[in-house]
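**Q** Quick one: the structure is below, questions incoming.
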Amino acid sequence: MNLALKKQFTKQYANNYVETAVSEATPHKLIEMLYEGAIKNMNLAKVFIEQKNHEKKAEHVNKALAILNALRAGVDLEKGGDVAQNLYDLYDYCYRTLFNASVKNDFALLSEVIDHIVLVSQAWKEMPDNFKRVSKEQLEKVSSMKK
């Protein structure tokens, strides 16, 4: 089997794995996966800043920006109160700071955003197990009962 074919199979396997993981994940796990993706892509962007590979840096910054935007868009400000507003503001700050870090190739700003997302990710992982296992349907049922 040639190298190109092996790469194609590997990429397809990775895509199938991610699709399966997402389709089977609880809402808690989906957020955890988004944090992991943002952190991974920002760390890769740091490597490419150091290597002065602006194309690859931009690719990974754009992925991280898309993830931060999805996290920000997923915050329910109506139901979440002050906690949701604070989380929204943090995501917004991280988004803007990451954008500026990319424009300036600023390693320190990029590291700051990574530190913020790592802290939120760690706190997210500390959530009690009974909340981690709640399905989307269960969350929707609880939400409809409060109305």
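The chains in the structure tokens are called A, B, ... from first to last as shown; in each chain the residues are counted from 1, and the ligands are counted from 1 in the order shown.
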I'd like the contact shell of Trp124 of chain A - 12 Å cut-off, only C-alpha atoms, skipping same-chain residues fewer than 5 positions apart - returned as a ChimeraX atom specification.
**A** /A:27-36,87,117-119,129,131-132
**Q** Generate a file of the selected residues that holds N, CA and C atoms, formatted as a PDB file, in the first residue's frame.
**A**
```pdb
ATOM      1  N   PRO A  27     -24.203  16.169  26.121  1.00  0.00           N
ATOM      2  CA  PRO A  27     -23.889  17.598  26.001  1.00  0.00           C
ATOM      3  C   PRO A  27     -22.622  17.983  26.772  1.00  0.00           C
ATOM      4  N   HIS A  28     -22.436  17.392  27.950  1.00  0.00           N
ATOM      5  CA  HIS A  28     -21.239  17.680  28.744  1.00  0.00           C
ATOM      6  C   HIS A  28     -19.985  17.278  27.976  1.00  0.00           C
ATOM      7  N   LYS A  29     -20.007  16.101  27.380  1.00  0.00           N
ATOM      8  CA  LYS A  29     -18.839  15.601  26.649  1.00  0.00           C
ATOM      9  C   LYS A  29     -18.572  16.450  25.405  1.00  0.00           C
ATOM     10  N   LEU A  30     -19.625  16.929  24.748  1.00  0.00           N
ATOM     11  CA  LEU A  30     -19.434  17.783  23.574  1.00  0.00           C
ATOM     12  C   LEU A  30     -18.680  19.057  23.939  1.00  0.00           C
ATOM     13  N   ILE A  31     -19.052  19.668  25.055  1.00  0.00           N
ATOM     14  CA  ILE A  31     -18.353  20.878  25.501  1.00  0.00           C
ATOM     15  C   ILE A  31     -16.907  20.540  25.840  1.00  0.00           C
ATOM     16  N   GLU A  32     -16.707  19.425  26.502  1.00  0.00           N
ATOM     17  CA  GLU A  32     -15.346  18.982  26.830  1.00  0.00           C
ATOM     18  C   GLU A  32     -14.516  18.805  25.556  1.00  0.00           C
ATOM     19  N   MET A  33     -15.119  18.234  24.530  1.00  0.00           N
ATOM     20  CA  MET A  33     -14.422  18.044  23.263  1.00  0.00           C
ATOM     21  C   MET A  33     -14.093  19.386  22.605  1.00  0.00           C
ATOM     22  N   LEU A  34     -14.996  20.351  22.735  1.00  0.00           N
ATOM     23  CA  LEU A  34     -14.724  21.684  22.185  1.00  0.00           C
ATOM     24  C   LEU A  34     -13.549  22.338  22.904  1.00  0.00           C
ATOM     25  N   TYR A  35     -13.525  22.228  24.233  1.00  0.00           N
ATOM     26  CA  TYR A  35     -12.379  22.774  24.979  1.00  0.00           C
ATOM     27  C   TYR A  35     -11.078  22.124  24.515  1.00  0.00           C
ATOM     28  N   GLU A  36     -11.089  20.801  24.403  1.00  0.00           N
ATOM     29  CA  GLU A  36      -9.880  20.085  23.985  1.00  0.00           C
ATOM     30  C   GLU A  36      -9.441  20.519  22.585  1.00  0.00           C
ATOM     31  N   LEU A  87     -19.462  33.622  31.767  1.00  0.00           N
ATOM     32  CA  LEU A  87     -18.873  32.680  30.823  1.00  0.00           C
ATOM     33  C   LEU A  87     -18.885  33.262  29.405  1.00  0.00           C
ATOM     34  N   ILE A 117      -8.780  29.060  28.891  1.00  0.00           N
ATOM     35  CA  ILE A 117      -9.593  27.922  28.439  1.00  0.00           C
ATOM     36  C   ILE A 117      -9.213  26.652  29.202  1.00  0.00           C
ATOM     37  N   VAL A 118      -7.942  26.494  29.522  1.00  0.00           N
ATOM     38  CA  VAL A 118      -7.526  25.332  30.327  1.00  0.00           C
ATOM     39  C   VAL A 118      -8.206  25.375  31.692  1.00  0.00           C
ATOM     40  N   LEU A 119      -8.265  26.536  32.313  1.00  0.00           N
ATOM     41  CA  LEU A 119      -8.913  26.651  33.636  1.00  0.00           C
ATOM     42  C   LEU A 119     -10.403  26.314  33.561  1.00  0.00           C
ATOM     43  N   ASP A 129     -20.478  13.609  38.398  1.00  0.00           N
ATOM     44  CA  ASP A 129     -20.759  12.610  37.362  1.00  0.00           C
ATOM     45  C   ASP A 129     -22.225  12.563  36.953  1.00  0.00           C
ATOM     46  N   PHE A 131     -24.266  14.933  36.553  1.00  0.00           N
ATOM     47  CA  PHE A 131     -24.515  15.982  35.564  1.00  0.00           C
ATOM     48  C   PHE A 131     -23.850  15.651  34.231  1.00  0.00           C
ATOM     49  N   LYS A 132     -22.698  14.994  34.299  1.00  0.00           N
ATOM     50  CA  LYS A 132     -21.963  14.648  33.077  1.00  0.00           C
ATOM     51  C   LYS A 132     -22.746  13.674  32.196  1.00  0.00           C
TER      52      LYS A 132
END
```
**Q** Fewer than 5 positions away in the same chain doesn't count, so skip those; otherwise give me all residues within 9 Å of Ser102 of chain A, counting only C-alpha atoms, as JSON, numbers by chain.
**A** {"A": [45, 49, 57, 58, 61, 97, 107, 109, 110]}
**Q** Please, could you write that set of residues out with N, CA and C atoms as a PDB file, in the first residue's frame?
**A**
```
ATOM      1  N   ALA A  45      -0.995  26.528  17.016  1.00  0.00           N
ATOM      2  CA  ALA A  45      -0.750  27.885  16.517  1.00  0.00           C
ATOM      3  C   ALA A  45       0.525  28.462  17.135  1.00  0.00           C
ATOM      4  N   ILE A  49       3.678  29.888  15.123  1.00  0.00           N
ATOM      5  CA  ILE A  49       4.207  31.242  15.319  1.00  0.00           C
ATOM      6  C   ILE A  49       5.720  31.167  15.472  1.00  0.00           C
ATOM      7  N   LYS A  57      -0.341  28.669  11.040  1.00  0.00           N
ATOM      8  CA  LYS A  57      -0.797  29.383  12.234  1.00  0.00           C
ATOM      9  C   LYS A  57      -2.225  29.851  12.032  1.00  0.00           C
ATOM     10  N   ALA A  58      -2.476  30.484  10.889  1.00  0.00           N
ATOM     11  CA  ALA A  58      -3.817  31.005  10.597  1.00  0.00           C
ATOM     12  C   ALA A  58      -4.853  29.886  10.565  1.00  0.00           C
ATOM     13  N   VAL A  61      -5.487  28.925  14.241  1.00  0.00           N
ATOM     14  CA  VAL A  61      -6.156  30.017  14.942  1.00  0.00           C
ATOM     15  C   VAL A  61      -7.611  30.087  14.497  1.00  0.00           C
ATOM     16  N   THR A  97      -9.062  38.370  22.104  1.00  0.00           N
ATOM     17  CA  THR A  97      -7.636  38.300  22.424  1.00  0.00           C
ATOM     18  C   THR A  97      -6.911  37.346  21.493  1.00  0.00           C
ATOM     19  N   PHE A 107       2.892  35.655  21.110  1.00  0.00           N
ATOM     20  CA  PHE A 107       2.961  34.399  21.849  1.00  0.00           C
ATOM     21  C   PHE A 107       2.336  34.534  23.241  1.00  0.00           C
ATOM     22  N   LEU A 109      -0.018  36.683  24.370  1.00  0.00           N
ATOM     23  CA  LEU A 109      -1.482  36.775  24.324  1.00  0.00           C
ATOM     24  C   LEU A 109      -2.107  35.417  24.043  1.00  0.00           C
ATOM     25  N   LEU A 110      -1.500  34.684  23.150  1.00  0.00           N
ATOM     26  CA  LEU A 110      -1.991  33.341  22.836  1.00  0.00           C
ATOM     27  C   LEU A 110      -1.920  32.440  24.062  1.00  0.00           C
TER      28      LEU A 110
END
```
**Q** For a test of reading the model, state the distance in Å between atom CA of Asp89 of chain A and atom CA of Ala101 of chain A, rounded to one decimal.
**A**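 It comes out at 17.9 Å.
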**Q** Could you tell me how far atom CA of Gln51 of chain A lies from atom CA of Asp106 of chain A, in Å and to one decimal?
**A**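 Interatomic distance here is 13.1 Å.
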**Q** Quick one: distance from atom CA of Val75 of chain A to atom CA of Glu59 of chain A in Å, one decimal?
**A** 25.1 Å
